[in-house]
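Everything below belongs to start-v3.cif, which stores mmCIF, N, CA and C atoms.
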```cif
data_structure
loop_
_atom_site.label_atom_id
_atom_site.label_comp_id
_atom_site.auth_asym_id
_atom_site.auth_seq_id
_atom_site.Cartn_x
_atom_site.Cartn_y
_atom_site.Cartn_z
N MET A 1 -39.09 28.52 30.86
CA MET A 1 -39.88 28.60 32.07
C MET A 1 -40.79 29.82 31.99
N SER A 2 -41.91 29.68 32.60
CA SER A 2 -42.82 30.82 32.69
C SER A 2 -42.44 31.61 33.95
N GLY A 3 -43.13 32.70 34.20
CA GLY A 3 -42.87 33.52 35.37
C GLY A 3 -43.12 32.77 36.67
N THR A 4 -43.84 31.67 36.59
CA THR A 4 -44.12 30.86 37.78
C THR A 4 -43.04 29.81 38.02
N GLY A 5 -42.09 29.68 37.14
CA GLY A 5 -41.05 28.67 37.26
C GLY A 5 -41.44 27.33 36.67
N GLN A 6 -42.61 27.26 36.08
CA GLN A 6 -43.08 26.00 35.49
C GLN A 6 -42.51 25.86 34.08
N VAL A 7 -41.92 24.71 33.80
CA VAL A 7 -41.37 24.43 32.47
C VAL A 7 -42.53 24.15 31.52
N LYS A 8 -42.56 24.88 30.41
CA LYS A 8 -43.65 24.71 29.44
C LYS A 8 -43.24 23.85 28.26
N PHE A 9 -41.95 23.78 27.98
CA PHE A 9 -41.50 23.07 26.80
C PHE A 9 -40.11 22.51 27.07
N ARG A 10 -39.89 21.25 26.72
CA ARG A 10 -38.58 20.63 26.89
C ARG A 10 -38.15 20.02 25.56
N GLU A 11 -36.84 19.98 25.37
CA GLU A 11 -36.29 19.41 24.14
C GLU A 11 -35.21 18.39 24.50
N TYR A 12 -35.15 17.34 23.71
CA TYR A 12 -34.12 16.32 23.88
C TYR A 12 -33.88 15.70 22.51
N TYR A 13 -32.64 15.76 22.03
CA TYR A 13 -32.32 15.28 20.70
C TYR A 13 -31.24 14.21 20.76
N ASP A 14 -31.31 13.26 19.87
CA ASP A 14 -30.27 12.25 19.68
C ASP A 14 -29.27 12.86 18.71
N LEU A 15 -28.22 13.47 19.24
CA LEU A 15 -27.28 14.20 18.39
C LEU A 15 -26.48 13.29 17.47
N ALA A 16 -26.30 12.04 17.85
CA ALA A 16 -25.59 11.11 16.96
C ALA A 16 -26.47 10.72 15.78
N GLY A 17 -27.73 10.43 16.05
CA GLY A 17 -28.64 9.98 15.00
C GLY A 17 -29.39 11.11 14.30
N ASP A 18 -29.42 12.29 14.93
CA ASP A 18 -30.17 13.44 14.40
C ASP A 18 -29.35 14.71 14.62
N PRO A 19 -28.20 14.83 13.95
CA PRO A 19 -27.29 15.95 14.23
C PRO A 19 -27.89 17.33 13.91
N TYR A 20 -28.93 17.36 13.08
CA TYR A 20 -29.55 18.65 12.76
C TYR A 20 -30.72 18.98 13.69
N GLN A 21 -30.92 18.16 14.70
CA GLN A 21 -31.94 18.36 15.72
C GLN A 21 -33.32 18.59 15.11
N LEU A 22 -33.74 17.66 14.29
CA LEU A 22 -35.03 17.77 13.62
C LEU A 22 -36.15 17.08 14.38
N THR A 23 -35.81 16.11 15.24
CA THR A 23 -36.82 15.34 15.95
C THR A 23 -36.62 15.47 17.45
N ASN A 24 -37.51 16.20 18.10
CA ASN A 24 -37.49 16.36 19.54
C ASN A 24 -38.03 15.08 20.17
N ARG A 25 -37.18 14.34 20.85
CA ARG A 25 -37.58 13.04 21.41
C ARG A 25 -38.57 13.19 22.57
N LEU A 26 -38.69 14.38 23.15
CA LEU A 26 -39.63 14.60 24.25
C LEU A 26 -40.98 15.13 23.78
N TYR A 27 -41.13 15.42 22.50
CA TYR A 27 -42.42 15.89 22.00
C TYR A 27 -43.44 14.77 22.14
N GLN A 28 -44.46 14.99 22.92
CA GLN A 28 -45.53 14.03 23.19
C GLN A 28 -45.01 12.73 23.80
N ALA A 29 -43.91 12.81 24.54
CA ALA A 29 -43.36 11.62 25.19
C ALA A 29 -44.20 11.26 26.41
N THR A 30 -44.39 9.98 26.61
CA THR A 30 -45.08 9.49 27.80
C THR A 30 -44.06 9.37 28.93
N PRO A 31 -44.54 9.23 30.17
CA PRO A 31 -43.59 9.01 31.27
C PRO A 31 -42.69 7.79 31.02
N GLN A 32 -43.23 6.75 30.41
CA GLN A 32 -42.41 5.56 30.10
C GLN A 32 -41.34 5.90 29.07
N ASP A 33 -41.70 6.70 28.06
CA ASP A 33 -40.70 7.14 27.07
C ASP A 33 -39.58 7.91 27.75
N GLU A 34 -39.95 8.81 28.67
CA GLU A 34 -38.94 9.59 29.40
C GLU A 34 -38.04 8.68 30.22
N GLN A 35 -38.62 7.69 30.85
CA GLN A 35 -37.83 6.74 31.64
C GLN A 35 -36.85 5.99 30.72
N ASN A 36 -37.32 5.55 29.57
CA ASN A 36 -36.47 4.82 28.62
C ASN A 36 -35.33 5.69 28.10
N LEU A 37 -35.56 6.99 27.97
CA LEU A 37 -34.52 7.91 27.50
C LEU A 37 -33.54 8.29 28.61
N GLY A 38 -33.87 7.97 29.86
CA GLY A 38 -33.00 8.32 30.98
C GLY A 38 -33.18 9.73 31.48
N ILE A 39 -34.32 10.33 31.20
CA ILE A 39 -34.56 11.73 31.57
C ILE A 39 -34.55 11.93 33.09
N PRO A 40 -35.17 11.06 33.90
CA PRO A 40 -35.11 11.29 35.35
C PRO A 40 -33.68 11.34 35.90
N ALA A 41 -32.84 10.45 35.42
CA ALA A 41 -31.43 10.44 35.88
C ALA A 41 -30.70 11.69 35.41
N LEU A 42 -30.96 12.09 34.19
CA LEU A 42 -30.34 13.30 33.65
C LEU A 42 -30.78 14.53 34.46
N ALA A 43 -32.07 14.62 34.76
CA ALA A 43 -32.59 15.74 35.54
C ALA A 43 -31.98 15.77 36.94
N ALA A 44 -31.84 14.60 37.55
CA ALA A 44 -31.24 14.53 38.89
C ALA A 44 -29.79 14.99 38.86
N GLY A 45 -29.05 14.59 37.84
CA GLY A 45 -27.66 15.01 37.69
C GLY A 45 -27.53 16.50 37.49
N LEU A 46 -28.40 17.06 36.68
CA LEU A 46 -28.38 18.51 36.46
C LEU A 46 -28.73 19.28 37.73
N ALA A 47 -29.71 18.78 38.48
CA ALA A 47 -30.10 19.43 39.73
C ALA A 47 -28.93 19.39 40.74
N ALA A 48 -28.24 18.27 40.79
CA ALA A 48 -27.09 18.14 41.70
C ALA A 48 -25.98 19.10 41.30
N ASP A 49 -25.75 19.26 40.00
CA ASP A 49 -24.72 20.18 39.52
C ASP A 49 -25.06 21.63 39.86
N ARG A 50 -26.35 21.96 39.83
CA ARG A 50 -26.76 23.33 40.15
C ARG A 50 -26.47 23.70 41.60
N THR A 51 -26.52 22.72 42.49
CA THR A 51 -26.32 23.00 43.91
C THR A 51 -24.85 22.85 44.32
N ALA A 52 -24.03 22.32 43.44
CA ALA A 52 -22.61 22.10 43.78
C ALA A 52 -21.81 23.38 43.71
#
```
What does the file become when written as C-alpha cells?
Amino acid sequence: MSGTGQVKFREYYDLAGDPYQLTNRLYQATPQDEQNLGIPALAAGLAADRTA
C-alpha cells in the first residue's frame, strides 16, 4: 500500500501448480480473470476476518 492506502501491486499464486511462485496470476489480470480466480470472494472473506 502507498501512504494513501491505495494498493499498488497484488500477488496471487497457484501454490499447487506453481509451488515456486513464478507466475503471478494477477499480473495484468482483467476483472473477468479476477472473477474466475475468486478474488472478490477472497477479498470479502479477508475483510470480514479483519473486523472480527
Requested in this report: Go through the shown structure with the PyMOL selection byres (((chain A and resi 38-49 and name CA) around 12) and name CA) and write out the matching residues as a PyMOL selection string.
Outcome: chain A and resi 10-13+25-26+29-37+50-52
Requested in this report: Would you please give, as a list in words, all residues of chain A that DSSP assigns to helix (DSSP H, G or I) based on the backbone?
Outcome: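 Residues of chain A classed as helix (DSSP H, G or I): Pro31, Gln32, Asp33, Glu34, Gln35, Asn36, Leu37, Ile39, Pro40, Ala41, Leu42, Ala43, Ala44, Gly45, Leu46, Ala47, Ala48, Asp49, Arg50 and Thr51 of chain A.
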Take every atom of segment 46-49 of chain A listed in the file, pad by 5 Å on each side, and give me the axis-aligned box centre and edge lengths in Å, one decimal, as lines of an AutoDock Vina configuration file.
```
center_x = -27.4
center_y = 19.3
center_z = 39.1
size_x = 15.4
size_y = 14.6
size_z = 15.2
```
Query raised in the report: How many Å separate atom N of Tyr20 of chain A from atom N of Lys8 of chain A?
Result: 23.3 Å
Requested in this report: Would you mind reading off the distance between atom C of Phe9 of chain A and atom N of Gln21 of chain A, one decimal, in Å?
Outcome: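 Separation between atom C of Phe9 of chain A and atom N of Gln21 of chain A: 16.0 Å.
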As an mmCIF file, in the frame of the given file, could you write out segment 20-31 of chain A once it has been completed with all heavy atoms?
```
data_model
loop_
_atom_site.group_PDB
_atom_site.id
_atom_site.type_symbol
_atom_site.label_atom_id
_atom_site.label_comp_id
_atom_site.auth_asym_id
_atom_site.auth_seq_id
_atom_site.Cartn_x
_atom_site.Cartn_y
_atom_site.Cartn_z
ATOM 1 N N TYR A 20 -28.930 17.360 13.080
ATOM 2 C CA TYR A 20 -29.550 18.650 12.760
ATOM 3 C C TYR A 20 -30.720 18.980 13.690
ATOM 4 O O TYR A 20 -31.413 19.968 13.494
ATOM 5 C CB TYR A 20 -30.004 18.669 11.297
ATOM 6 C CG TYR A 20 -28.839 18.524 10.349
ATOM 7 C CD1 TYR A 20 -28.620 17.339 9.675
ATOM 8 C CD2 TYR A 20 -27.950 19.564 10.177
ATOM 9 C CE1 TYR A 20 -27.535 17.188 8.831
ATOM 10 C CE2 TYR A 20 -26.854 19.425 9.331
ATOM 11 C CZ TYR A 20 -26.657 18.239 8.657
ATOM 12 O OH TYR A 20 -25.578 18.095 7.824
ATOM 13 N N GLN A 21 -30.920 18.160 14.700
ATOM 14 C CA GLN A 21 -31.940 18.360 15.720
ATOM 15 C C GLN A 21 -33.320 18.590 15.110
ATOM 16 O O GLN A 21 -33.998 19.566 15.404
ATOM 17 C CB GLN A 21 -31.541 19.504 16.650
ATOM 18 C CG GLN A 21 -30.234 19.254 17.347
ATOM 19 C CD GLN A 21 -29.770 20.417 18.193
ATOM 20 O OE1 GLN A 21 -30.500 21.349 18.450
ATOM 21 N NE2 GLN A 21 -28.531 20.356 18.612
ATOM 22 N N LEU A 22 -33.740 17.660 14.290
ATOM 23 C CA LEU A 22 -35.030 17.770 13.620
ATOM 24 C C LEU A 22 -36.150 17.080 14.380
ATOM 25 O O LEU A 22 -37.320 17.415 14.194
ATOM 26 C CB LEU A 22 -34.924 17.196 12.199
ATOM 27 C CG LEU A 22 -33.901 17.865 11.290
ATOM 28 C CD1 LEU A 22 -33.816 17.132 9.963
ATOM 29 C CD2 LEU A 22 -34.243 19.322 11.080
ATOM 30 N N THR A 23 -35.810 16.110 15.240
ATOM 31 C CA THR A 23 -36.820 15.340 15.950
ATOM 32 C C THR A 23 -36.620 15.470 17.450
ATOM 33 O O THR A 23 -35.682 14.909 18.008
ATOM 34 C CB THR A 23 -36.756 13.857 15.538
ATOM 35 O OG1 THR A 23 -36.889 13.760 14.125
ATOM 36 C CG2 THR A 23 -37.874 13.062 16.200
ATOM 37 N N ASN A 24 -37.510 16.200 18.100
ATOM 38 C CA ASN A 24 -37.490 16.360 19.540
ATOM 39 C C ASN A 24 -38.030 15.080 20.170
ATOM 40 O O ASN A 24 -39.203 14.753 20.030
ATOM 41 C CB ASN A 24 -38.339 17.567 19.964
ATOM 42 C CG ASN A 24 -38.368 17.775 21.452
ATOM 43 O OD1 ASN A 24 -37.729 17.060 22.209
ATOM 44 N ND2 ASN A 24 -39.124 18.766 21.876
ATOM 45 N N ARG A 25 -37.180 14.340 20.850
ATOM 46 C CA ARG A 25 -37.580 13.040 21.410
ATOM 47 C C ARG A 25 -38.570 13.190 22.570
ATOM 48 O O ARG A 25 -39.216 12.231 22.967
ATOM 49 C CB ARG A 25 -36.351 12.274 21.896
ATOM 50 C CG ARG A 25 -35.260 12.078 20.853
ATOM 51 C CD ARG A 25 -35.376 10.869 19.973
ATOM 52 N NE ARG A 25 -35.696 9.620 20.568
ATOM 53 C CZ ARG A 25 -34.839 8.689 20.956
ATOM 54 N NH1 ARG A 25 -33.552 8.896 20.856
ATOM 55 N NH2 ARG A 25 -35.260 7.548 21.451
ATOM 56 N N LEU A 26 -38.690 14.380 23.150
ATOM 57 C CA LEU A 26 -39.630 14.600 24.250
ATOM 58 C C LEU A 26 -40.980 15.130 23.780
ATOM 59 O O LEU A 26 -41.893 15.265 24.591
ATOM 60 C CB LEU A 26 -39.043 15.550 25.287
ATOM 61 C CG LEU A 26 -37.918 14.969 26.117
ATOM 62 C CD1 LEU A 26 -37.393 16.004 27.099
ATOM 63 C CD2 LEU A 26 -38.346 13.715 26.834
ATOM 64 N N TYR A 27 -41.130 15.420 22.500
ATOM 65 C CA TYR A 27 -42.420 15.890 22.000
ATOM 66 C C TYR A 27 -43.440 14.770 22.140
ATOM 67 O O TYR A 27 -43.268 13.695 21.577
ATOM 68 C CB TYR A 27 -42.284 16.335 20.543
ATOM 69 C CG TYR A 27 -43.592 16.769 19.924
ATOM 70 C CD1 TYR A 27 -44.198 17.941 20.346
ATOM 71 C CD2 TYR A 27 -44.217 16.008 18.966
ATOM 72 C CE1 TYR A 27 -45.400 18.351 19.793
ATOM 73 C CE2 TYR A 27 -45.422 16.403 18.402
ATOM 74 C CZ TYR A 27 -46.009 17.576 18.824
ATOM 75 O OH TYR A 27 -47.203 17.974 18.283
ATOM 76 N N GLN A 28 -44.460 14.990 22.920
ATOM 77 C CA GLN A 28 -45.530 14.030 23.190
ATOM 78 C C GLN A 28 -45.010 12.730 23.800
ATOM 79 O O GLN A 28 -45.602 11.665 23.626
ATOM 80 C CB GLN A 28 -46.345 13.738 21.936
ATOM 81 C CG GLN A 28 -47.082 14.951 21.420
ATOM 82 C CD GLN A 28 -47.959 14.657 20.225
ATOM 83 O OE1 GLN A 28 -47.714 13.718 19.467
ATOM 84 N NE2 GLN A 28 -48.986 15.462 20.045
ATOM 85 N N ALA A 29 -43.910 12.810 24.540
ATOM 86 C CA ALA A 29 -43.360 11.620 25.190
ATOM 87 C C ALA A 29 -44.200 11.260 26.410
ATOM 88 O O ALA A 29 -44.640 12.129 27.159
ATOM 89 C CB ALA A 29 -41.916 11.864 25.613
ATOM 90 N N THR A 30 -44.390 9.980 26.610
ATOM 91 C CA THR A 30 -45.080 9.490 27.800
ATOM 92 C C THR A 30 -44.060 9.370 28.930
ATOM 93 O O THR A 30 -42.841 9.388 28.681
ATOM 94 C CB THR A 30 -45.699 8.111 27.530
ATOM 95 O OG1 THR A 30 -44.625 7.180 27.298
ATOM 96 C CG2 THR A 30 -46.647 8.130 26.337
ATOM 97 N N PRO A 31 -44.540 9.230 30.170
ATOM 98 C CA PRO A 31 -43.590 9.010 31.270
ATOM 99 C C PRO A 31 -42.690 7.790 31.020
ATOM 100 O O PRO A 31 -41.515 7.814 31.375
ATOM 101 C CB PRO A 31 -44.498 8.813 32.481
ATOM 102 C CG PRO A 31 -45.713 9.626 32.148
ATOM 103 C CD PRO A 31 -45.897 9.437 30.669
#
```
